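Q: One file is attached below, my_file00.csv, containing CSV, C-alpha atoms.
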```csv
chain,number,residue,atom,x,y,z
A,1,MET,CA,-22.5,-16.4,4.7
A,2,ASP,CA,-23.4,-18.2,8.0
A,3,ALA,CA,-24.1,-16.0,11.0
A,4,ALA,CA,-21.9,-18.1,13.2
A,5,LEU,CA,-18.3,-17.0,13.4
A,6,ASN,CA,-15.8,-19.3,11.8
A,7,LEU,CA,-13.1,-18.9,14.4
A,8,PRO,CA,-10.5,-21.3,13.0
A,9,LEU,CA,-10.8,-19.5,9.6
A,10,LEU,CA,-10.7,-16.1,11.2
A,11,ALA,CA,-7.6,-17.1,13.2
A,12,ASP,CA,-5.9,-18.4,10.0
A,13,LEU,CA,-6.7,-15.1,8.1
A,14,ALA,CA,-5.5,-13.0,11.0
A,15,GLN,CA,-2.3,-14.9,11.3
A,16,GLN,CA,-1.5,-14.8,7.6
A,17,PHE,CA,-2.1,-11.1,7.2
A,18,ALA,CA,-0.3,-10.3,10.5
A,19,LEU,CA,2.8,-11.9,9.2
A,20,LEU,CA,2.4,-10.2,5.8
A,21,SER,CA,2.1,-6.9,7.7
A,22,PHE,CA,5.8,-7.2,8.8
A,23,LEU,CA,6.8,-8.0,5.2
A,24,ALA,CA,5.0,-5.1,3.6
A,25,ILE,CA,8.1,-3.1,2.7
A,26,GLY,CA,7.0,-0.6,0.1
A,27,GLY,CA,3.3,-0.8,1.2
A,28,VAL,CA,0.6,-3.3,0.5
A,29,ASN,CA,0.9,-3.0,-3.3
A,30,ALA,CA,4.3,-4.7,-3.0
A,31,LEU,CA,2.5,-7.6,-1.2
A,32,ILE,CA,0.2,-8.4,-4.0
A,33,PRO,CA,2.2,-11.4,-5.5
A,34,GLU,CA,2.4,-12.9,-2.0
A,35,ILE,CA,-1.3,-12.3,-1.2
A,36,HIS,CA,-2.2,-13.8,-4.5
A,37,ARG,CA,0.0,-16.8,-3.9
A,38,ARG,CA,-1.5,-17.4,-0.4
A,39,VAL,CA,-5.2,-16.7,-1.0
A,40,VAL,CA,-5.6,-17.9,-4.6
A,41,GLU,CA,-2.9,-20.5,-5.2
A,42,ASN,CA,-2.6,-22.1,-1.8
A,43,ALA,CA,-5.7,-21.6,0.2
A,44,HIS,CA,-8.2,-21.3,-2.7
A,45,TRP,CA,-10.2,-18.8,-0.8
A,46,LEU,CA,-10.6,-16.7,-3.9
A,47,THR,CA,-10.5,-17.5,-7.6
A,48,ASP,CA,-8.3,-15.5,-10.0
A,49,THR,CA,-11.4,-13.6,-11.1
A,50,ASP,CA,-12.4,-12.8,-7.5
A,51,PHE,CA,-8.9,-11.5,-6.8
A,52,ALA,CA,-9.0,-9.3,-9.9
A,53,GLN,CA,-12.4,-7.9,-8.9
A,54,ALA,CA,-11.3,-7.3,-5.3
A,55,PHE,CA,-8.3,-5.5,-6.7
A,56,ALA,CA,-10.4,-3.3,-9.0
A,57,ILE,CA,-12.9,-2.4,-6.3
A,58,ALA,CA,-10.1,-1.6,-3.8
A,59,GLN,CA,-8.4,0.6,-6.3
A,60,ALA,CA,-11.6,2.4,-7.1
A,61,ALA,CA,-12.3,3.3,-3.4
A,62,PRO,CA,-10.7,6.2,-1.7
A,63,GLY,CA,-8.1,5.6,1.0
A,64,PRO,CA,-5.0,3.5,1.7
A,65,ASN,CA,-4.1,0.9,-0.9
A,66,MET,CA,-4.5,-1.9,1.6
A,67,LEU,CA,-8.2,-2.2,1.1
A,68,ILE,CA,-7.8,-5.2,-1.1
A,69,VAL,CA,-7.0,-7.0,2.1
A,70,SER,CA,-10.3,-5.9,3.6
A,71,LEU,CA,-12.1,-7.2,0.6
A,72,ILE,CA,-10.4,-10.6,0.8
A,73,GLY,CA,-11.6,-10.8,4.4
A,74,TRP,CA,-15.1,-9.8,3.3
A,75,LYS,CA,-15.1,-12.5,0.6
A,76,VAL,CA,-13.9,-15.2,2.9
A,77,ASP,CA,-15.9,-14.5,6.0
A,78,GLY,CA,-18.1,-11.4,5.6
A,79,PHE,CA,-17.9,-8.2,7.7
A,80,VAL,CA,-16.1,-9.8,10.6
A,81,GLY,CA,-13.6,-11.3,8.1
A,82,ALA,CA,-13.0,-7.8,6.6
A,83,LEU,CA,-12.5,-6.3,10.0
A,84,VAL,CA,-10.1,-9.0,11.2
A,85,CYS,CA,-8.0,-8.8,8.0
A,86,THR,CA,-7.8,-5.0,8.1
A,87,ILE,CA,-6.7,-5.0,11.7
A,88,ALA,CA,-4.2,-7.8,11.0
A,89,ILE,CA,-2.6,-6.1,8.1
A,90,CYS,CA,-2.3,-2.7,10.0
A,91,ALA,CA,-1.7,-3.5,13.6
A,92,PRO,CA,1.8,-5.3,13.6
A,93,SER,CA,3.4,-2.8,11.2
A,94,SER,CA,1.8,0.1,13.1
A,95,ALA,CA,3.2,-1.2,16.4
A,96,LEU,CA,6.6,-1.5,14.8
A,97,THR,CA,6.4,2.0,13.4
A,98,PHE,CA,5.3,3.3,16.9
A,99,ALA,CA,8.3,1.6,18.5
A,100,ILE,CA,10.9,2.7,15.9
A,101,ALA,CA,9.7,6.3,15.5
A,102,HIS,CA,11.1,7.0,18.9
A,103,VAL,CA,14.6,5.8,18.1
A,104,TRP,CA,14.9,6.6,14.4
A,105,ASP,CA,15.5,10.4,14.6
A,106,ARG,CA,18.4,9.9,16.9
A,107,PHE,CA,20.2,8.0,14.2
A,108,ARG,CA,19.6,10.4,11.4
A,109,ASP,CA,23.2,10.4,10.1
A,110,ALA,CA,24.2,6.9,11.2
A,111,PRO,CA,25.9,5.0,8.4
A,112,LEU,CA,23.9,1.9,9.2
A,113,ARG,CA,20.6,3.8,8.8
A,114,LYS,CA,21.7,5.1,5.4
A,115,ALA,CA,22.8,1.6,4.3
A,116,ILE,CA,19.4,0.2,5.4
A,117,GLN,CA,17.6,2.9,3.4
A,118,HIS,CA,19.8,2.5,0.3
A,119,GLY,CA,19.6,-1.3,0.5
A,120,LEU,CA,15.9,-1.5,0.8
A,121,ALA,CA,15.1,1.0,-2.0
A,122,PRO,CA,15.9,-1.4,-4.9
A,123,VAL,CA,14.1,-4.2,-3.0
A,124,THR,CA,11.0,-2.1,-2.8
A,125,VAL,CA,11.2,-1.2,-6.5
A,126,GLY,CA,11.6,-4.9,-7.4
A,127,LEU,CA,8.6,-5.8,-5.3
A,128,VAL,CA,6.3,-3.2,-6.8
A,129,LEU,CA,7.2,-4.1,-10.3
A,130,ALA,CA,6.6,-7.8,-9.5
A,131,SER,CA,3.2,-6.8,-8.2
A,132,GLY,CA,2.4,-5.0,-11.5
A,133,PHE,CA,3.6,-8.1,-13.5
A,134,ILE,CA,1.5,-10.6,-11.4
A,135,LEU,CA,-1.5,-8.3,-11.7
A,136,ALA,CA,-1.1,-8.0,-15.4
A,137,ARG,CA,-1.0,-11.8,-15.7
A,138,THR,CA,-4.1,-12.1,-13.5
A,139,VAL,CA,-6.1,-9.3,-15.1
A,140,ASP,CA,-5.0,-8.9,-18.7
A,141,HIS,CA,-6.5,-11.8,-20.6
A,142,SER,CA,-7.2,-10.0,-23.9
A,143,SER,CA,-5.2,-7.7,-26.2
A,144,ILE,CA,-7.6,-4.9,-25.3
A,145,ALA,CA,-6.9,-5.3,-21.6
A,146,ILE,CA,-3.1,-5.4,-22.3
A,147,GLY,CA,-3.4,-2.3,-24.4
A,148,LEU,CA,-5.4,-0.5,-21.6
A,149,THR,CA,-2.7,-1.4,-19.1
A,150,ALA,CA,0.0,-0.2,-21.4
A,151,ALA,CA,-1.8,3.0,-22.2
A,152,THR,CA,-2.4,3.7,-18.5
A,153,VAL,CA,1.4,3.3,-17.8
A,154,VAL,CA,2.3,5.8,-20.5
A,155,LEU,CA,-0.4,8.3,-19.5
A,156,ALA,CA,0.5,8.0,-15.8
A,157,LEU,CA,4.2,8.6,-16.5
A,158,ALA,CA,3.9,11.2,-19.2
A,159,THR,CA,1.1,13.4,-17.9
A,160,ARG,CA,0.0,14.8,-14.5
A,161,ILE,CA,-3.6,13.4,-15.0
A,162,HIS,CA,-5.3,12.4,-11.8
A,163,PRO,CA,-5.2,8.5,-11.4
A,164,LEU,CA,-9.0,8.5,-10.8
A,165,TRP,CA,-9.6,9.7,-14.4
A,166,LEU,CA,-7.5,6.8,-15.7
A,167,LEU,CA,-9.5,4.3,-13.6
A,168,ALA,CA,-12.7,5.9,-14.9
A,169,ALA,CA,-11.4,5.6,-18.5
A,170,GLY,CA,-10.7,2.0,-17.8
A,171,ALA,CA,-14.3,1.5,-16.6
A,172,VAL,CA,-15.8,3.2,-19.7
A,173,ILE,CA,-13.6,1.3,-22.2
A,174,GLY,CA,-14.4,-2.0,-20.3
A,175,ALA,CA,-18.1,-1.2,-20.5
A,176,LEU,CA,-18.1,-0.3,-24.2
A,177,VAL,CA,-15.7,-2.9,-25.6
A,178,PRO,CA,-15.8,-6.6,-24.9
A,179,ILE,CA,-12.6,-6.9,-22.9
B,1,MET,CA,3.3,29.3,3.0
B,2,SER,CA,4.9,29.2,6.4
B,3,ALA,CA,8.1,27.3,7.0
B,4,ASP,CA,7.2,26.1,10.5
B,5,PRO,CA,4.0,24.8,12.0
B,6,VAL,CA,2.3,27.6,13.9
B,7,ALA,CA,-0.9,25.8,14.9
B,8,PRO,CA,-1.4,24.5,18.5
B,9,PRO,CA,-1.0,20.8,18.9
B,10,PRO,CA,-4.2,19.0,17.8
B,11,SER,CA,-6.6,17.3,20.2
B,12,LEU,CA,-7.5,13.6,19.8
B,13,ARG,CA,-10.7,14.7,18.1
B,14,GLY,CA,-8.7,17.0,15.8
B,15,LEU,CA,-6.4,14.1,14.8
B,16,PHE,CA,-9.3,11.9,14.1
B,17,SER,CA,-11.2,14.4,12.0
B,18,GLY,CA,-8.1,15.6,10.2
B,19,PHE,CA,-7.2,12.1,9.0
B,20,LEU,CA,-10.9,11.2,8.4
B,21,ILE,CA,-11.0,13.9,5.7
B,22,VAL,CA,-7.7,12.7,4.3
B,23,GLY,CA,-9.1,9.1,4.1
B,24,VAL,CA,-12.2,10.1,2.2
B,25,GLN,CA,-10.3,12.3,-0.3
B,26,GLY,CA,-7.5,10.0,-1.1
B,27,PHE,CA,-8.5,8.6,-4.4
B,28,GLY,CA,-5.6,6.9,-6.2
B,29,GLY,CA,-3.0,7.7,-3.6
B,30,VAL,CA,-3.5,9.3,-0.2
B,31,LEU,CA,-0.1,10.9,0.4
B,32,PRO,CA,-0.7,14.1,-1.6
B,33,PHE,CA,-3.9,14.7,0.5
B,34,ALA,CA,-2.1,13.9,3.7
B,35,ARG,CA,0.6,16.4,2.9
B,36,ARG,CA,-1.9,19.1,2.1
B,37,MET,CA,-3.8,18.6,5.3
B,38,LEU,CA,-0.7,18.3,7.6
B,39,VAL,CA,1.4,21.0,6.1
B,40,GLU,CA,-0.7,23.5,4.2
B,41,GLN,CA,-4.1,23.4,5.9
B,42,ARG,CA,-3.6,22.6,9.5
B,43,HIS,CA,0.1,23.4,9.9
B,44,TRP,CA,0.8,20.5,12.2
B,45,LEU,CA,4.0,19.8,10.4
B,46,SER,CA,6.5,21.8,8.4
B,47,GLU,CA,7.4,20.7,4.9
B,48,ARG,CA,10.7,19.3,6.2
B,49,GLU,CA,9.1,17.5,9.1
B,50,PHE,CA,6.6,15.9,6.7
B,51,ILE,CA,9.4,14.6,4.4
B,52,GLU,CA,11.1,13.1,7.4
B,53,VAL,CA,8.0,11.5,8.7
B,54,LEU,CA,7.3,10.2,5.1
B,55,SER,CA,10.7,8.7,4.6
B,56,LEU,CA,10.5,6.8,7.9
B,57,SER,CA,7.0,5.6,6.9
B,58,GLN,CA,8.2,4.4,3.6
B,59,PHE,CA,11.2,2.6,5.1
B,60,LEU,CA,9.0,0.7,7.6
B,61,PRO,CA,6.7,-2.1,6.6
B,62,GLY,CA,3.0,-1.5,6.3
B,63,PRO,CA,0.8,0.9,4.5
B,64,ASN,CA,2.8,4.2,4.3
B,65,ILE,CA,-0.1,6.4,5.0
B,66,VAL,CA,-1.1,4.4,8.1
B,67,ASN,CA,2.5,4.7,9.4
B,68,VAL,CA,2.3,8.5,8.8
B,69,SER,CA,-0.9,8.7,10.9
B,70,ILE,CA,0.8,6.6,13.7
B,71,ILE,CA,3.8,8.8,13.8
B,72,VAL,CA,1.9,12.1,13.7
B,73,GLY,CA,-0.7,11.0,16.2
B,74,ASN,CA,2.0,9.8,18.6
B,75,ARG,CA,4.0,13.1,18.2
B,76,PHE,CA,1.1,15.2,19.4
B,77,ARG,CA,-1.0,12.9,21.7
B,78,GLY,CA,1.0,9.8,22.4
B,79,PRO,CA,-0.3,6.3,21.8
B,80,TRP,CA,-4.0,7.4,21.9
B,81,GLY,CA,-3.1,10.0,19.3
B,82,SER,CA,-1.8,7.2,17.1
B,83,VAL,CA,-5.0,5.3,17.6
B,84,ALA,CA,-7.2,8.3,16.9
B,85,ALA,CA,-5.4,9.2,13.7
B,86,ALA,CA,-5.2,5.7,12.3
B,87,LEU,CA,-8.9,5.1,13.1
B,88,GLY,CA,-9.9,8.3,11.5
B,89,LEU,CA,-7.9,7.5,8.4
B,90,MET,CA,-9.2,3.9,8.0
B,91,LEU,CA,-12.9,4.3,9.0
B,92,MET,CA,-14.5,5.8,5.9
B,93,PRO,CA,-12.4,4.0,3.3
B,94,PHE,CA,-13.1,0.6,5.0
B,95,LEU,CA,-16.9,1.3,5.0
B,96,ILE,CA,-16.9,2.7,1.5
B,97,VAL,CA,-15.0,-0.3,0.0
B,98,LEU,CA,-17.4,-2.8,1.6
B,99,ALA,CA,-20.3,-0.8,0.3
B,100,LEU,CA,-18.8,-0.9,-3.1
B,101,ALA,CA,-18.2,-4.6,-2.9
B,102,ALA,CA,-21.8,-5.2,-1.8
B,103,LEU,CA,-23.1,-3.0,-4.6
B,104,TYR,CA,-20.9,-4.9,-7.0
B,105,ALA,CA,-22.2,-8.2,-5.8
B,106,GLN,CA,-25.7,-7.0,-6.6
B,107,PHE,CA,-24.9,-6.1,-10.2
B,108,ALA,CA,-22.2,-8.6,-10.9
B,109,ALA,CA,-24.6,-10.6,-13.1
B,110,ILE,CA,-24.7,-7.7,-15.6
B,111,GLU,CA,-22.1,-8.3,-18.2
B,112,THR,CA,-21.4,-4.6,-18.6
B,113,VAL,CA,-20.6,-4.2,-14.9
B,114,ARG,CA,-18.2,-7.2,-15.1
B,115,THR,CA,-16.3,-5.9,-18.1
B,116,ALA,CA,-16.2,-2.4,-16.7
B,117,THR,CA,-14.6,-3.8,-13.6
B,118,THR,CA,-12.1,-5.7,-15.7
B,119,GLY,CA,-11.3,-2.3,-17.4
B,120,VAL,CA,-10.7,-0.7,-14.0
B,121,SER,CA,-8.4,-3.7,-13.0
B,122,ALA,CA,-6.4,-3.3,-16.2
B,123,ALA,CA,-6.0,0.5,-15.7
B,124,ALA,CA,-5.2,0.0,-12.0
B,125,THR,CA,-2.5,-2.5,-13.0
B,126,GLY,CA,-1.1,0.2,-15.3
B,127,LEU,CA,-1.0,2.6,-12.3
B,128,ILE,CA,1.0,0.1,-10.2
B,129,LEU,CA,3.5,-0.5,-13.0
B,130,ALA,CA,3.8,3.3,-13.5
B,131,THR,CA,4.5,3.7,-9.7
B,132,GLY,CA,7.2,1.0,-9.9
B,133,ILE,CA,8.8,2.6,-12.9
B,134,ARG,CA,8.7,6.0,-11.2
B,135,MET,CA,10.2,4.6,-8.0
B,136,ALA,CA,13.0,3.1,-10.1
B,137,GLN,CA,14.2,6.5,-11.4
B,138,PRO,CA,16.5,7.2,-8.5
B,139,LEU,CA,18.3,3.9,-9.1
B,140,LYS,CA,19.5,5.1,-12.5
B,141,GLY,CA,23.2,4.6,-13.0
B,142,ILE,CA,23.6,2.7,-9.8
B,143,VAL,CA,24.4,-0.8,-11.2
B,144,TRP,CA,24.1,-2.8,-8.0
B,145,GLN,CA,20.8,-1.3,-7.1
B,146,ILE,CA,19.4,-2.0,-10.5
B,147,ALA,CA,20.7,-5.6,-10.3
B,148,MET,CA,19.1,-6.0,-6.9
B,149,ALA,CA,15.8,-4.7,-8.1
B,150,ALA,CA,16.0,-7.1,-11.0
B,151,LEU,CA,16.8,-10.0,-8.7
B,152,VAL,CA,13.8,-9.2,-6.4
B,153,PHE,CA,11.6,-9.0,-9.5
B,154,VAL,CA,12.7,-12.4,-10.8
B,155,ALA,CA,12.5,-14.1,-7.4
B,156,ILE,CA,9.0,-12.8,-6.6
B,157,GLY,CA,7.4,-12.2,-10.0
B,158,LEU,CA,8.8,-15.0,-12.1
B,159,LEU,CA,10.0,-17.7,-9.7
B,160,ARG,CA,7.2,-17.0,-7.2
B,161,ILE,CA,9.5,-17.7,-4.2
B,162,PRO,CA,7.5,-17.1,-1.0
B,163,LEU,CA,8.1,-13.5,0.1
B,164,LEU,CA,9.3,-14.3,3.6
B,165,TRP,CA,12.2,-16.4,2.2
B,166,ALA,CA,13.0,-14.0,-0.6
B,167,LEU,CA,13.1,-11.1,1.8
B,168,ALA,CA,15.0,-13.0,4.4
B,169,VAL,CA,17.8,-13.5,1.9
B,170,LEU,CA,17.6,-10.5,-0.4
B,171,ALA,CA,16.9,-7.6,2.1
B,172,PRO,CA,20.0,-8.3,4.3
B,173,LEU,CA,22.1,-9.0,1.1
B,174,SER,CA,21.0,-5.6,-0.4
B,175,ILE,CA,21.7,-3.8,2.9
B,176,ALA,CA,25.1,-5.5,3.1
B,177,VAL,CA,26.0,-4.4,-0.4
B,178,ALA,CA,24.8,-0.8,0.4
B,179,TRP,CA,27.0,-0.9,3.5
B,180,TRP,CA,30.0,-2.2,1.4
B,181,MET,CA,29.4,0.4,-1.3
B,182,ARG,CA,29.0,3.4,1.0
B,183,ARG,CA,31.5,6.2,0.8
```
What does the file become when written as structure tokens?

A:
Amino acid sequence: MDAALNLPLLADLAQQFALLSFLAIGGVNALIPEIHRRVVENAHWLTDTDFAQAFAIAQAAPGPNMLIVSLIGWKVDGFVGALVCTIAICAPSSALTFAIAHVWDRFRDAPLRKAIQHGLAPVTVGLVLASGFILARTVDHSSIAIGLTAATVVLALATRIHPLWLLAAGAVIGALVPI
Amino acid sequence: MSADPVAPPPSLRGLFSGFLIVGVQGFGGVLPFARRMLVEQRHWLSEREFIEVLSLSQFLPGPNIVNVSIIVGNRFRGPWGSVAAALGLMLMPFLIVLALAALYAQFAAIETVRTATTGVSAAATGLILATGIRMAQPLKGIVWQIAMAALVFVAIGLLRIPLLWALAVLAPLSIAVAWWMRR
């Protein structure tokens, strides 16, 4: 990575993720298809493999699930890229939250507020399931990987096992079996 | 377990450190840890207040937990409280994930490391699918909501329509249907 800052690239990154910040209904996990479309399919900043690796590392780290965005920034333009992308994905939605938190409580029982909540709920569900589907297509290239994903779904739904154990199990199986 | 927060309002430093600890703990989902810190450990919010803050955070765009930190920070210390809480939340996870990425780059040539990472990806994909399935439970029996979720899935997952256009059409449509179906 060059020491000189690539300002046009940074501006492009910042602008793309700032827009996505406003669209992140249901959190950053719901954005994964769109992020994949932009950074892999359109801009070719990352390969499919890079994207899957960034996703895995972000999921293995503690903290908010938006860290994949930090890693994309890191991959594209190093530490500054990571910083720019992280701020870009957080700041616009945070500013909106800050502004809306003041008025929201006043409209607790307003019919429009309820319609907005009931209307956005299925949109969020569709987005998150689409994210899972796109990720499965990006990640699961073998029957073992597909089986691992399916087993994780079942265990996560049927048991109260901590998610970190499921990720650890994925790592162990991946290390032992050619996946 | 107290019903109401009894603790004095936190300082800026308190907000920063409280959310710093939440950020480091939050493996595979930060919200449970945020709830424990805010409600059970520091008594900054009552259970009911937490649920209200959370539902607003989930409705607004952006990472839910970041929105929680913005609202809680602002409630006690205004805009700077929001900044302190959000910075506290993000600082360690940001540094840790970059350290992990750097570490990974060092060892990426080792086949075992690569396949283990693929294993983590496959499991993490399963976690996201499970989250989506769990989130779909409240839609059970509400036909228009199920249809809307399916429509969004097809538009984004299968047809790969850009999110902006899909949301510009489907979100107002869904809200309009919700308005029309209200009783």

Q: Could the residues of chain B within 6 Å of chain A, counting only C-alpha atoms, be given as a ChimeraX atom specification, please?

A: /B:23-24,26-28,61-64,67,93,97,112,115-116,119-123,125-126,128-130,132,136,145,148-149,152-153,157,174-175,178-179

Q: Quick one: distance from CA of Ala11 (chain A) to CA of Leu164 (chain B) in Å, one decimal?

A: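 Computing the Euclidean distance for CA of Ala11 (chain A) and CA of Leu164 (chain B) yields 19.6 Å.
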
Q: One decimal, Å: what's the distance from CA of Ala166 (chain B) over to CA of Gln16 (chain A), could you say?

A: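 If I compute the distance from CA of Ala166 (chain B) to CA of Gln16 (chain A), I get 16.7 Å.
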
Q: Would you compute the distance between CA of Ala14 (chain A) and CA of Arg13 (chain B)? Give it in Å to one decimal.

A: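 These two atoms are separated by 29.1 Å.
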
Q: Output region 44-53 of chain A as a PDB file, keeping the file's coordinate frame, making sure all heavy atoms are there.

A:
```
ATOM      1  N   HIS A  44      -6.989 -21.308  -1.880  1.00  0.00           N
ATOM      2  CA  HIS A  44      -8.200 -21.300  -2.700  1.00  0.00           C
ATOM      3  C   HIS A  44      -9.372 -20.634  -2.107  1.00  0.00           C
ATOM      4  O   HIS A  44     -10.511 -21.057  -2.271  1.00  0.00           O
ATOM      5  CB  HIS A  44      -8.555 -22.769  -3.121  1.00  0.00           C
ATOM      6  CG  HIS A  44      -7.449 -23.497  -3.815  1.00  0.00           C
ATOM      7  ND1 HIS A  44      -7.034 -23.203  -5.096  1.00  0.00           N
ATOM      8  CD2 HIS A  44      -6.640 -24.493  -3.398  1.00  0.00           C
ATOM      9  CE1 HIS A  44      -6.040 -23.992  -5.441  1.00  0.00           C
ATOM     10  NE2 HIS A  44      -5.760 -24.780  -4.417  1.00  0.00           N
ATOM     11  N   TRP A  45      -9.088 -19.565  -1.356  1.00  0.00           N
ATOM     12  CA  TRP A  45     -10.200 -18.800  -0.800  1.00  0.00           C
ATOM     13  C   TRP A  45     -10.868 -17.961  -1.855  1.00  0.00           C
ATOM     14  O   TRP A  45     -12.061 -17.709  -1.802  1.00  0.00           O
ATOM     15  CB  TRP A  45      -9.663 -17.864   0.326  1.00  0.00           C
ATOM     16  CG  TRP A  45      -9.369 -18.555   1.617  1.00  0.00           C
ATOM     17  CD1 TRP A  45     -10.011 -19.643   2.120  1.00  0.00           C
ATOM     18  CD2 TRP A  45      -8.359 -18.202   2.567  1.00  0.00           C
ATOM     19  NE1 TRP A  45      -9.454 -19.988   3.327  1.00  0.00           N
ATOM     20  CE2 TRP A  45      -8.456 -19.122   3.627  1.00  0.00           C
ATOM     21  CE3 TRP A  45      -7.397 -17.197   2.621  1.00  0.00           C
ATOM     22  CZ2 TRP A  45      -7.625 -19.069   4.743  1.00  0.00           C
ATOM     23  CZ3 TRP A  45      -6.580 -17.134   3.723  1.00  0.00           C
ATOM     24  CH2 TRP A  45      -6.693 -18.065   4.788  1.00  0.00           C
ATOM     25  N   LEU A  46     -10.077 -17.517  -2.819  1.00  0.00           N
ATOM     26  CA  LEU A  46     -10.600 -16.700  -3.900  1.00  0.00           C
ATOM     27  C   LEU A  46     -10.151 -17.328  -5.241  1.00  0.00           C
ATOM     28  O   LEU A  46      -9.093 -17.949  -5.304  1.00  0.00           O
ATOM     29  CB  LEU A  46     -10.070 -15.275  -3.857  1.00  0.00           C
ATOM     30  CG  LEU A  46     -10.807 -14.241  -3.006  1.00  0.00           C
ATOM     31  CD1 LEU A  46     -10.605 -14.526  -1.533  1.00  0.00           C
ATOM     32  CD2 LEU A  46     -10.337 -12.847  -3.346  1.00  0.00           C
ATOM     33  N   THR A  47     -10.968 -17.114  -6.294  1.00  0.00           N
ATOM     34  CA  THR A  47     -10.500 -17.500  -7.600  1.00  0.00           C
ATOM     35  C   THR A  47      -9.704 -16.307  -8.198  1.00  0.00           C
ATOM     36  O   THR A  47      -9.702 -15.217  -7.625  1.00  0.00           O
ATOM     37  CB  THR A  47     -11.698 -17.751  -8.570  1.00  0.00           C
ATOM     38  OG1 THR A  47     -12.424 -16.524  -8.725  1.00  0.00           O
ATOM     39  CG2 THR A  47     -12.621 -18.814  -8.008  1.00  0.00           C
ATOM     40  N   ASP A  48      -9.058 -16.544  -9.324  1.00  0.00           N
ATOM     41  CA  ASP A  48      -8.300 -15.500 -10.000  1.00  0.00           C
ATOM     42  C   ASP A  48      -9.243 -14.297 -10.299  1.00  0.00           C
ATOM     43  O   ASP A  48      -8.878 -13.140 -10.125  1.00  0.00           O
ATOM     44  CB  ASP A  48      -7.755 -16.024 -11.325  1.00  0.00           C
ATOM     45  CG  ASP A  48      -6.244 -15.908 -11.363  1.00  0.00           C
ATOM     46  OD1 ASP A  48      -5.650 -15.438 -10.360  1.00  0.00           O
ATOM     47  OD2 ASP A  48      -5.650 -16.274 -12.381  1.00  0.00           O
ATOM     48  N   THR A  49     -10.466 -14.630 -10.746  1.00  0.00           N
ATOM     49  CA  THR A  49     -11.400 -13.600 -11.100  1.00  0.00           C
ATOM     50  C   THR A  49     -11.831 -12.796  -9.834  1.00  0.00           C
ATOM     51  O   THR A  49     -11.873 -11.564  -9.858  1.00  0.00           O
ATOM     52  CB  THR A  49     -12.703 -14.218 -11.695  1.00  0.00           C
ATOM     53  OG1 THR A  49     -12.276 -15.148 -12.688  1.00  0.00           O
ATOM     54  CG2 THR A  49     -13.589 -13.182 -12.310  1.00  0.00           C
ATOM     55  N   ASP A  50     -12.112 -13.509  -8.724  1.00  0.00           N
ATOM     56  CA  ASP A  50     -12.400 -12.800  -7.500  1.00  0.00           C
ATOM     57  C   ASP A  50     -11.325 -11.845  -7.096  1.00  0.00           C
ATOM     58  O   ASP A  50     -11.578 -10.710  -6.678  1.00  0.00           O
ATOM     59  CB  ASP A  50     -12.525 -13.833  -6.300  1.00  0.00           C
ATOM     60  CG  ASP A  50     -13.735 -14.740  -6.427  1.00  0.00           C
ATOM     61  OD1 ASP A  50     -14.691 -14.343  -7.102  1.00  0.00           O
ATOM     62  OD2 ASP A  50     -13.705 -15.838  -5.832  1.00  0.00           O
ATOM     63  N   PHE A  51     -10.090 -12.328  -7.241  1.00  0.00           N
ATOM     64  CA  PHE A  51      -8.900 -11.500  -6.800  1.00  0.00           C
ATOM     65  C   PHE A  51      -8.848 -10.256  -7.689  1.00  0.00           C
ATOM     66  O   PHE A  51      -8.656  -9.154  -7.172  1.00  0.00           O
ATOM     67  CB  PHE A  51      -7.653 -12.355  -6.998  1.00  0.00           C
ATOM     68  CG  PHE A  51      -6.434 -11.722  -6.370  1.00  0.00           C
ATOM     69  CD1 PHE A  51      -6.151 -11.927  -5.025  1.00  0.00           C
ATOM     70  CD2 PHE A  51      -5.582 -10.945  -7.130  1.00  0.00           C
ATOM     71  CE1 PHE A  51      -5.029 -11.350  -4.444  1.00  0.00           C
ATOM     72  CE2 PHE A  51      -4.462 -10.362  -6.549  1.00  0.00           C
ATOM     73  CZ  PHE A  51      -4.183 -10.569  -5.209  1.00  0.00           C
ATOM     74  N   ALA A  52      -9.028 -10.430  -9.006  1.00  0.00           N
ATOM     75  CA  ALA A  52      -9.000  -9.300  -9.900  1.00  0.00           C
ATOM     76  C   ALA A  52     -10.088  -8.290  -9.589  1.00  0.00           C
ATOM     77  O   ALA A  52      -9.892  -7.073  -9.608  1.00  0.00           O
ATOM     78  CB  ALA A  52      -9.062  -9.739 -11.364  1.00  0.00           C
ATOM     79  N   GLN A  53     -11.280  -8.817  -9.242  1.00  0.00           N
ATOM     80  CA  GLN A  53     -12.400  -7.900  -8.900  1.00  0.00           C
ATOM     81  C   GLN A  53     -12.124  -7.183  -7.605  1.00  0.00           C
ATOM     82  O   GLN A  53     -12.355  -5.979  -7.502  1.00  0.00           O
ATOM     83  CB  GLN A  53     -13.688  -8.748  -8.769  1.00  0.00           C
ATOM     84  CG  GLN A  53     -14.275  -9.150 -10.109  1.00  0.00           C
ATOM     85  CD  GLN A  53     -15.310 -10.246 -10.001  1.00  0.00           C
ATOM     86  OE1 GLN A  53     -15.566 -10.755  -8.912  1.00  0.00           O
ATOM     87  NE2 GLN A  53     -15.891 -10.601 -11.122  1.00  0.00           N
TER      88      GLN A  53
END
```
